>>> print(open('run.txt').read())   # compact mmCIF, C-alpha atoms and all ligand atoms
# COMPACT_ATOMS: atom_id res chain seq x y z
CA MET A 1 -52.57 -81.38 240.51
CA THR A 2 -50.57 -79.03 242.78
CA ALA A 3 -51.06 -78.64 246.53
CA ALA A 4 -52.01 -75.29 248.07
CA LEU A 5 -50.41 -75.01 251.50
CA PRO A 6 -52.46 -73.35 254.26
CA ARG A 7 -51.12 -70.28 256.10
CA LEU A 8 -51.32 -70.00 259.90
CA ASP A 9 -53.72 -67.36 261.24
CA GLU A 10 -52.51 -64.40 263.33
CA THR A 11 -53.20 -66.19 266.63
CA ALA A 12 -51.05 -69.13 265.63
CA LEU A 13 -48.28 -66.85 264.36
CA ALA A 14 -48.30 -64.94 267.66
CA THR A 15 -48.21 -68.23 269.63
CA LEU A 16 -45.14 -69.40 267.75
CA PHE A 17 -43.33 -66.18 266.89
CA THR A 18 -44.48 -62.59 267.31
CA GLY A 19 -46.11 -62.87 270.75
CA ALA A 20 -44.07 -65.71 272.23
CA ARG A 21 -41.56 -64.90 274.93
CA THR A 22 -38.76 -66.58 276.84
CA ALA A 23 -40.00 -67.32 280.39
CA ASN A 24 -37.73 -66.56 283.33
CA SER A 25 -40.10 -67.78 286.07
CA PHE A 26 -42.79 -70.44 286.11
CA SER A 27 -46.06 -70.99 287.98
CA SER A 28 -46.78 -74.14 290.00
CA THR A 29 -49.22 -75.34 287.31
CA PRO A 30 -48.03 -78.87 286.52
CA VAL A 31 -47.13 -80.15 283.07
CA THR A 32 -48.13 -83.74 282.33
CA ASP A 33 -45.96 -86.39 280.73
CA ALA A 34 -48.57 -86.54 277.93
CA GLU A 35 -48.05 -82.82 277.23
CA LEU A 36 -44.29 -83.34 277.16
CA ALA A 37 -44.64 -86.29 274.80
CA SER A 38 -46.83 -84.13 272.55
CA ILE A 39 -43.92 -81.68 272.14
CA TRP A 40 -41.86 -84.47 270.63
CA ASP A 41 -44.73 -85.66 268.46
CA LEU A 42 -44.47 -82.28 266.70
CA ALA A 43 -40.74 -81.62 266.97
CA LYS A 44 -39.85 -84.89 265.24
CA TRP A 45 -41.39 -83.82 261.93
CA PRO A 46 -39.30 -80.92 260.57
CA PRO A 47 -36.36 -81.90 258.38
CA THR A 48 -32.82 -83.04 259.22
CA ALA A 49 -29.93 -83.90 256.90
CA ALA A 50 -30.39 -87.40 255.46
CA ASN A 51 -33.24 -87.75 258.00
CA THR A 52 -30.62 -88.43 260.68
CA GLN A 53 -32.53 -86.90 263.67
CA PRO A 54 -29.64 -86.80 266.20
CA LEU A 55 -31.52 -84.91 268.97
CA ARG A 56 -32.46 -86.68 272.21
CA VAL A 57 -34.39 -85.29 275.19
CA VAL A 58 -34.37 -86.02 278.92
CA PHE A 59 -37.36 -84.52 280.74
CA VAL A 60 -36.28 -83.83 284.32
CA ARG A 61 -39.33 -83.55 286.60
CA THR A 62 -38.57 -85.47 289.81
CA GLU A 63 -37.16 -83.78 292.91
CA GLU A 64 -34.10 -85.99 292.78
CA GLY A 65 -33.48 -85.25 289.10
CA ARG A 66 -34.00 -81.52 289.63
CA ALA A 67 -31.48 -81.43 292.50
CA ARG A 68 -28.91 -83.15 290.30
CA LEU A 69 -29.60 -80.81 287.41
CA LEU A 70 -29.41 -77.65 289.54
CA SER A 71 -25.88 -78.53 290.60
CA HIS A 72 -24.77 -78.14 286.96
CA MET A 73 -26.59 -74.88 286.16
CA GLY A 74 -24.79 -71.55 285.93
CA GLU A 75 -25.37 -69.22 288.86
CA GLY A 76 -27.81 -66.96 286.98
CA ASN A 77 -29.90 -69.91 285.84
CA VAL A 78 -30.46 -71.67 289.17
CA ALA A 79 -33.42 -69.66 290.51
CA LYS A 80 -35.44 -69.81 287.29
CA THR A 81 -34.76 -73.53 286.91
CA GLU A 82 -35.96 -74.10 290.49
CA THR A 83 -39.36 -72.64 289.57
CA ALA A 84 -39.91 -74.72 286.41
CA PRO A 85 -42.09 -77.83 286.79
CA VAL A 86 -40.06 -79.54 284.06
CA THR A 87 -36.64 -78.95 282.59
CA ALA A 88 -35.54 -80.68 279.40
CA ILE A 89 -31.95 -81.60 278.71
CA LEU A 90 -31.50 -81.52 274.93
CA ALA A 91 -28.64 -83.71 273.78
CA VAL A 92 -27.23 -85.21 270.62
CA ASP A 93 -26.81 -88.95 270.26
CA THR A 94 -23.27 -89.48 269.00
CA GLN A 95 -24.38 -92.92 267.81
CA PHE A 96 -27.29 -91.53 265.79
CA GLN A 97 -26.07 -93.36 262.69
CA LYS A 98 -27.14 -96.75 264.03
CA HIS A 99 -30.75 -95.80 263.11
CA ILE A 100 -29.90 -94.94 259.50
CA PRO A 101 -31.01 -98.29 258.00
CA THR A 102 -34.49 -97.58 259.44
CA LEU A 103 -34.57 -93.82 258.90
CA LEU A 104 -33.01 -93.78 255.43
CA PRO A 105 -33.94 -97.21 254.05
CA PHE A 106 -32.96 -96.41 250.47
CA ARG A 107 -29.36 -95.60 251.56
CA PRO A 108 -28.47 -97.84 254.54
CA GLU A 109 -24.79 -97.80 253.62
CA LEU A 110 -24.56 -94.23 254.94
CA LYS A 111 -24.32 -95.78 258.42
CA ASP A 112 -21.02 -97.48 257.58
CA ALA A 113 -19.79 -94.36 255.79
CA LEU A 114 -20.41 -92.30 258.95
CA ASP A 115 -18.78 -94.94 261.17
CA GLY A 116 -15.62 -94.40 259.15
CA ASN A 117 -15.77 -90.63 258.64
CA ALA A 118 -15.54 -88.67 261.88
CA GLU A 119 -15.54 -85.31 260.12
CA LEU A 120 -18.81 -85.96 258.27
CA HIS A 121 -20.32 -87.56 261.37
CA ASP A 122 -19.47 -84.55 263.55
CA SER A 123 -20.68 -82.03 260.98
CA ILE A 124 -24.09 -83.75 260.82
CA THR A 125 -24.32 -83.88 264.61
CA SER A 126 -23.26 -80.31 265.22
CA PHE A 127 -25.62 -78.84 262.64
CA ASN A 128 -28.70 -81.02 262.98
CA GLY A 129 -28.83 -81.30 266.78
CA PRO A 130 -29.20 -77.54 267.33
CA LEU A 131 -31.53 -77.37 264.31
CA GLN A 132 -33.83 -79.87 266.05
CA ALA A 133 -33.47 -77.93 269.31
CA GLY A 134 -35.02 -74.94 267.53
CA TYR A 135 -37.86 -77.15 266.31
CA PHE A 136 -38.32 -78.36 269.90
CA LEU A 137 -38.71 -74.80 271.24
CA LEU A 138 -41.34 -73.97 268.62
CA ALA A 139 -43.17 -77.28 269.22
CA ALA A 140 -43.40 -76.49 272.96
CA ARG A 141 -44.91 -73.11 272.10
CA ALA A 142 -47.33 -74.81 269.71
CA VAL A 143 -48.78 -76.97 272.52
CA GLY A 144 -49.25 -73.94 274.80
CA LEU A 145 -46.13 -74.21 276.93
CA ALA A 146 -43.58 -71.53 277.76
CA THR A 147 -39.88 -72.27 277.44
CA GLY A 148 -36.67 -70.85 278.84
CA PRO A 149 -33.65 -72.13 276.90
CA MET A 150 -30.29 -71.94 278.69
CA ALA A 151 -26.74 -72.48 277.44
CA GLY A 152 -25.36 -71.48 280.83
CA PHE A 153 -24.56 -74.81 282.45
CA ASP A 154 -21.51 -76.99 283.00
CA LYS A 155 -21.63 -79.35 280.07
CA ASP A 156 -18.86 -81.63 281.31
CA THR A 157 -20.31 -82.26 284.76
CA LEU A 158 -23.89 -82.53 283.45
CA ASP A 159 -22.84 -85.08 280.84
CA ALA A 160 -20.85 -87.10 283.40
CA ASP A 161 -23.90 -87.12 285.70
CA PHE A 162 -26.75 -87.78 283.22
CA PHE A 163 -24.92 -89.52 280.36
CA PRO A 164 -22.14 -91.56 282.01
CA ASP A 165 -21.78 -93.94 279.05
CA GLY A 166 -20.76 -90.96 276.90
CA ALA A 167 -23.14 -91.64 274.00
CA TRP A 168 -25.34 -88.57 274.48
CA LYS A 169 -23.85 -85.06 274.72
CA SER A 170 -25.88 -82.14 276.07
CA ILE A 171 -26.35 -79.05 273.90
CA LEU A 172 -29.09 -77.01 275.63
CA VAL A 173 -31.16 -77.04 278.83
CA VAL A 174 -34.78 -75.81 278.53
CA ASN A 175 -37.16 -74.88 281.32
CA ILE A 176 -40.76 -75.72 280.41
CA GLY A 177 -44.06 -74.79 282.02
CA HIS A 178 -46.51 -71.93 282.41
CA PRO A 179 -45.33 -68.37 283.08
CA GLY A 180 -44.97 -67.37 286.76
CA GLU A 181 -44.48 -64.00 288.51
CA ASN A 182 -42.84 -61.32 286.33
CA PRO A 183 -41.81 -63.93 283.79
CA TRP A 184 -40.54 -61.72 280.97
CA PHE A 185 -37.46 -59.57 280.62
CA ASP A 186 -37.83 -56.50 278.39
CA ARG A 187 -38.27 -57.52 274.77
CA LEU A 188 -34.97 -57.03 272.98
CA PRO A 189 -34.84 -55.62 269.45
CA ARG A 190 -34.57 -57.93 266.46
CA LEU A 191 -32.56 -57.28 263.32
CA ASN A 192 -34.75 -56.14 260.47
CA SER A 193 -34.51 -57.02 256.82
CA ASP A 194 -32.09 -54.13 256.11
CA ASN A 195 -29.45 -55.86 258.24
CA THR A 196 -30.15 -59.46 257.37
CA LEU A 197 -31.49 -59.92 253.87
CA ASP A 198 -29.79 -59.62 250.55
CA TRP A 199 -31.29 -60.26 247.18
CA ALA A 200 -29.61 -61.83 244.19
C1 LIG A 301 -29.31 -71.03 272.76
C2 LIG A 301 -29.85 -70.12 273.84
C3 LIG A 301 -29.15 -70.00 275.02
C4 LIG A 301 -29.65 -69.18 276.04
N1 LIG A 301 -29.01 -69.18 277.26
C5 LIG A 301 -29.57 -68.49 278.28
C6 LIG A 301 -29.03 -68.60 279.59
O1 LIG A 301 -28.07 -69.34 279.85
N2 LIG A 301 -29.63 -67.88 280.58
C7 LIG A 301 -30.72 -67.09 280.35
O2 LIG A 301 -31.24 -66.47 281.29
N3 LIG A 301 -31.27 -66.97 279.11
C8 LIG A 301 -30.72 -67.67 278.08
N4 LIG A 301 -31.30 -67.61 276.83
C9 LIG A 301 -32.52 -66.79 276.65
C10 LIG A 301 -32.34 -65.62 275.66
O3 LIG A 301 -31.63 -64.59 276.26
C11 LIG A 301 -33.74 -65.18 275.24
O4 LIG A 301 -34.40 -66.26 274.65
C12 LIG A 301 -33.69 -64.03 274.24
O5 LIG A 301 -33.20 -62.87 274.84
C13 LIG A 301 -35.07 -63.73 273.64
O6 LIG A 301 -36.02 -63.42 274.63
P1 LIG A 301 -37.59 -63.29 274.23
O7 LIG A 301 -37.98 -64.63 273.68
O8 LIG A 301 -38.30 -63.00 275.52
O9 LIG A 301 -37.70 -62.20 273.22
C14 LIG A 301 -30.84 -68.42 275.82
C15 LIG A 301 -31.53 -68.55 274.60
C16 LIG A 301 -31.05 -69.40 273.64
C17 LIG A 301 -31.86 -69.57 272.36
>>> encode(input="run.txt", output="structure tokens", more="lines below")
Ligand SMILES: Cc1cc2nc3c(=O)[nH]c(=O)nc-3n(C[C@H](O)[C@H](O)[C@H](O)COP(=O)(O)O)c2cc1C
Amino acid sequence: MTAALPRLDETALATLFTGARTANSFSSTPVTDAELASIWDLAKWPPTAANTQPLRVVFVRTEEGRARLLSHMGEGNVAKTETAPVTAILAVDTQFQKHIPTLLPFRPELKDALDGNAELHDSITSFNGPLQAGYFLLAARAVGLATGPMAGFDKDTLDADFFPDGAWKSILVVNIGHPGENPWFDRLPRLNSDNTLDWA
């Protein structure tokens, strides 16, 4: 017996892709910790290499945490981050391999292999962390939240502040909430299939 997979309807496709936008300002509508946890409950499911799941998330939503975070944001990202009720720091856990005996029970020896192979370790981290960051953005959209991803921040000072033991390394900062005043920039064009697809 083969499984027939369902297709999302147009509303769901617009929520995730065609109608979803990057928010540049946020309303004062709060976002609950339960809503934030529900992002992860979706984002944890899509695949990673050898099921390694290196992404970690810090949800910054206290005044004290926000003040610390703002001091690391690039100049153009400060005002929008000030308006967001929550900002997530997405990071990779450089010790992700310690979970391998649980996450990949049929091949626990991969943990020791990664402990002794920095090149393989780093290639898994650098590919799968950003891959999970993409899943995270789509999961936030799926639970009705707007996101504003930002690479413009001082990684070194942020990591020293939030991750002083050096195990987690930031890769992206994401504002999360509900759209505020004039939240969207003009929609930029996307490459079409003529530029991006080839057929063999
Ligand atoms: C990895 C990444 C880094 C980004 N960094 C910034 C940033 O530092 N500041 C900013 O204002 N927007 C940043 N953006 C937002 C993009 O410019 C925006 O998502 C893109 O233009 C698409 O906008 P749209 O979703 O409204 O079509 C970033 C987006 C991504 C995915």
>>> residues_near_ligand(input="run.txt", ligand="ligand LIG 301 (chain A)", cutoff="8 Å", atoms="only C-alpha atoms and all ligand atoms", output="list in words")
Ala20, Arg21, Thr22, Ala23, Asn24, Gly74, Gly76, Asn77, Gly134, Gly148, Pro149, Met150, Ala151, Gly152, Phe153, Leu172, Trp184, Phe185, Asp186, Arg187 and Leu188 of chain A
>>> residues_around(input="run.txt", residues="range 61-68 of chain A", least_positions_apart="3", cutoff="8 Å", atoms="all atoms listed in the file", output="MDAnalysis selection string")
chainID A and resid 71:72 82 85:87 161
>>> axis_aligned_box(input="run.txt", around="range 90-108 of chain A", padding_each_side="5 Å", output="JSON")
{"center_x": -28.9, "center_y": -89.9, "center_z": 262.7, "size_x": 21.3, "size_y": 26.8, "size_z": 34.5}
>>> closest_residue(input="run.txt", among="A:Glu10, A:Asp93, A:Asp194, A:Glu109", to="Ser170 in chain A", atoms="all atoms listed in the file")
A:Asp93
>>> atom_distance(input="run.txt", atom1="CA of Thr157 in chain A", atom2="CA of Val60 in chain A")
16.1 Å
>>> closest_atom_pairs(input="run.txt", of="range 78-146 of chain A", to="range 27-43 of chain A", cutoff="9 Å", atoms="all atoms listed in the file", output="JSON lines")
{"residue": "A:Thr83", "atom": "CA", "partner": "A:Ser27", "partner_atom": "CA", "distance": 7.1}
{"residue": "A:Ala84", "atom": "CA", "partner": "A:Ser27", "partner_atom": "CA", "distance": 7.4}
{"residue": "A:Pro85", "atom": "CA", "partner": "A:Pro30", "partner_atom": "CA", "distance": 6.0}
{"residue": "A:Val86", "atom": "CA", "partner": "A:Val31", "partner_atom": "CA", "distance": 7.2}
{"residue": "A:Gln132", "atom": "CA", "partner": "A:Ala43", "partner_atom": "CA", "distance": 7.2}
{"residue": "A:Ala133", "atom": "CA", "partner": "A:Ala43", "partner_atom": "CA", "distance": 8.5}
{"residue": "A:Gly134", "atom": "CA", "partner": "A:Ala43", "partner_atom": "CA", "distance": 8.8}
{"residue": "A:Tyr135", "atom": "CA", "partner": "A:Ala43", "partner_atom": "CA", "distance": 5.4}
{"residue": "A:Phe136", "atom": "CA", "partner": "A:Ala43", "partner_atom": "CA", "distance": 5.0}
{"residue": "A:Leu137", "atom": "CA", "partner": "A:Ala43", "partner_atom": "CA", "distance": 8.3}
{"residue": "A:Leu138", "atom": "CA", "partner": "A:Ala43", "partner_atom": "CA", "distance": 7.8}
{"residue": "A:Ala139", "atom": "CA", "partner": "A:Ile39", "partner_atom": "CA", "distance": 5.3}
{"residue": "A:Ala140", "atom": "CA", "partner": "A:Ile39", "partner_atom": "CA", "distance": 5.3}
{"residue": "A:Arg141", "atom": "CA", "partner": "A:Ile39", "partner_atom": "CA", "distance": 8.6}
{"residue": "A:Ala142", "atom": "CA", "partner": "A:Ile39", "partner_atom": "CA", "distance": 8.0}
{"residue": "A:Val143", "atom": "CA", "partner": "A:Ile39", "partner_atom": "CA", "distance": 6.8}
{"residue": "A:Leu145", "atom": "CA", "partner": "A:Val31", "partner_atom": "CA", "distance": 8.6}
>>> residues_around(input="run.txt", residues="range 121-129 of chain A", least_positions_apart="5", cutoff="10 Å", atoms="all atoms listed in the file", output="mmCIF file with C-alpha atoms, in the frame of the given file")
data_model
loop_
_atom_site.group_PDB
_atom_site.id
_atom_site.type_symbol
_atom_site.label_atom_id
_atom_site.label_comp_id
_atom_site.auth_asym_id
_atom_site.auth_seq_id
_atom_site.Cartn_x
_atom_site.Cartn_y
_atom_site.Cartn_z
ATOM 1 C CA PRO A 47 -36.360 -81.900 258.380
ATOM 2 C CA THR A 48 -32.820 -83.040 259.220
ATOM 3 C CA ALA A 49 -29.930 -83.900 256.900
ATOM 4 C CA ALA A 50 -30.390 -87.400 255.460
ATOM 5 C CA ASN A 51 -33.240 -87.750 258.000
ATOM 6 C CA THR A 52 -30.620 -88.430 260.680
ATOM 7 C CA GLN A 53 -32.530 -86.900 263.670
ATOM 8 C CA PRO A 54 -29.640 -86.800 266.200
ATOM 9 C CA LEU A 55 -31.520 -84.910 268.970
ATOM 10 C CA ARG A 56 -32.460 -86.680 272.210
ATOM 11 C CA LEU A 90 -31.500 -81.520 274.930
ATOM 12 C CA ALA A 91 -28.640 -83.710 273.780
ATOM 13 C CA VAL A 92 -27.230 -85.210 270.620
ATOM 14 C CA ASP A 93 -26.810 -88.950 270.260
ATOM 15 C CA THR A 94 -23.270 -89.480 269.000
ATOM 16 C CA GLN A 95 -24.380 -92.920 267.810
ATOM 17 C CA PHE A 96 -27.290 -91.530 265.790
ATOM 18 C CA GLN A 97 -26.070 -93.360 262.690
ATOM 19 C CA LYS A 111 -24.320 -95.780 258.420
ATOM 20 C CA ALA A 113 -19.790 -94.360 255.790
ATOM 21 C CA LEU A 114 -20.410 -92.300 258.950
ATOM 22 C CA ASP A 115 -18.780 -94.940 261.170
ATOM 23 C CA GLY A 116 -15.620 -94.400 259.150
ATOM 24 C CA GLY A 134 -35.020 -74.940 267.530
ATOM 25 C CA TYR A 135 -37.860 -77.150 266.310
ATOM 26 C CA SER A 170 -25.880 -82.140 276.070
ATOM 27 C CA ILE A 171 -26.350 -79.050 273.900
ATOM 28 C CA LEU A 172 -29.090 -77.010 275.630
#
>>> atom_distance(input="run.txt", atom1="CA of Leu131 in chain A", atom2="CA of Pro183 in chain A")
25.8 Å
>>> atom_distance(input="run.txt", atom1="CA of Leu69 in chain A", atom2="CA of Asp154 in chain A")
10.0 Å
>>> build_atoms(input="run.txt", residues="range 145-162 of chain A", atoms="N, CA and C atoms", output="PDB file, keeping the file's coordinate frame")
ATOM      1  N   LEU A 145     -47.081 -74.236 275.816  1.00  0.00           N
ATOM      2  CA  LEU A 145     -46.130 -74.210 276.930  1.00  0.00           C
ATOM      3  C   LEU A 145     -45.086 -73.121 276.712  1.00  0.00           C
ATOM      4  N   ALA A 146     -44.648 -72.524 277.826  1.00  0.00           N
ATOM      5  CA  ALA A 146     -43.580 -71.530 277.760  1.00  0.00           C
ATOM      6  C   ALA A 146     -42.244 -72.229 277.954  1.00  0.00           C
ATOM      7  N   THR A 147     -41.215 -71.683 277.314  1.00  0.00           N
ATOM      8  CA  THR A 147     -39.880 -72.270 277.440  1.00  0.00           C
ATOM      9  C   THR A 147     -38.870 -71.216 277.881  1.00  0.00           C
ATOM     10  N   GLY A 148     -37.811 -71.699 278.495  1.00  0.00           N
ATOM     11  CA  GLY A 148     -36.670 -70.850 278.840  1.00  0.00           C
ATOM     12  C   GLY A 148     -35.400 -71.608 278.500  1.00  0.00           C
ATOM     13  N   PRO A 149     -34.881 -71.429 277.272  1.00  0.00           N
ATOM     14  CA  PRO A 149     -33.650 -72.130 276.900  1.00  0.00           C
ATOM     15  C   PRO A 149     -32.441 -71.539 277.620  1.00  0.00           C
ATOM     16  N   MET A 150     -31.489 -72.402 277.973  1.00  0.00           N
ATOM     17  CA  MET A 150     -30.290 -71.940 278.690  1.00  0.00           C
ATOM     18  C   MET A 150     -29.047 -72.688 278.193  1.00  0.00           C
ATOM     19  N   ALA A 151     -28.048 -71.900 277.771  1.00  0.00           N
ATOM     20  CA  ALA A 151     -26.740 -72.480 277.440  1.00  0.00           C
ATOM     21  C   ALA A 151     -25.803 -72.400 278.633  1.00  0.00           C
ATOM     22  N   GLY A 152     -26.218 -71.679 279.663  1.00  0.00           N
ATOM     23  CA  GLY A 152     -25.360 -71.480 280.830  1.00  0.00           C
ATOM     24  C   GLY A 152     -25.433 -72.633 281.812  1.00  0.00           C
ATOM     25  N   PHE A 153     -24.671 -73.657 281.541  1.00  0.00           N
ATOM     26  CA  PHE A 153     -24.560 -74.810 282.450  1.00  0.00           C
ATOM     27  C   PHE A 153     -23.225 -75.482 282.180  1.00  0.00           C
ATOM     28  N   ASP A 154     -22.798 -76.304 283.147  1.00  0.00           N
ATOM     29  CA  ASP A 154     -21.510 -76.990 283.000  1.00  0.00           C
ATOM     30  C   ASP A 154     -21.724 -78.288 282.233  1.00  0.00           C
ATOM     31  N   LYS A 155     -21.372 -78.234 280.976  1.00  0.00           N
ATOM     32  CA  LYS A 155     -21.630 -79.350 280.070  1.00  0.00           C
ATOM     33  C   LYS A 155     -20.889 -80.626 280.523  1.00  0.00           C
ATOM     34  N   ASP A 156     -19.656 -80.445 280.956  1.00  0.00           N
ATOM     35  CA  ASP A 156     -18.860 -81.630 281.310  1.00  0.00           C
ATOM     36  C   ASP A 156     -19.438 -82.353 282.519  1.00  0.00           C
ATOM     37  N   THR A 157     -19.799 -81.585 283.568  1.00  0.00           N
ATOM     38  CA  THR A 157     -20.310 -82.260 284.760  1.00  0.00           C
ATOM     39  C   THR A 157     -21.728 -82.788 284.514  1.00  0.00           C
ATOM     40  N   LEU A 158     -22.533 -82.036 283.755  1.00  0.00           N
ATOM     41  CA  LEU A 158     -23.890 -82.530 283.450  1.00  0.00           C
ATOM     42  C   LEU A 158     -23.812 -83.838 282.668  1.00  0.00           C
ATOM     43  N   ASP A 159     -22.945 -83.868 281.657  1.00  0.00           N
ATOM     44  CA  ASP A 159     -22.840 -85.080 280.840  1.00  0.00           C
ATOM     45  C   ASP A 159     -22.338 -86.268 281.668  1.00  0.00           C
ATOM     46  N   ALA A 160     -21.368 -86.014 282.554  1.00  0.00           N
ATOM     47  CA  ALA A 160     -20.850 -87.100 283.400  1.00  0.00           C
ATOM     48  C   ALA A 160     -21.953 -87.641 284.311  1.00  0.00           C
ATOM     49  N   ASP A 161     -22.834 -86.748 284.773  1.00  0.00           N
ATOM     50  CA  ASP A 161     -23.900 -87.120 285.700  1.00  0.00           C
ATOM     51  C   ASP A 161     -25.044 -87.843 284.972  1.00  0.00           C
ATOM     52  N   PHE A 162     -25.553 -87.236 283.884  1.00  0.00           N
ATOM     53  CA  PHE A 162     -26.750 -87.780 283.220  1.00  0.00           C
ATOM     54  C   PHE A 162     -26.425 -88.767 282.101  1.00  0.00           C
TER      55      PHE A 162
END
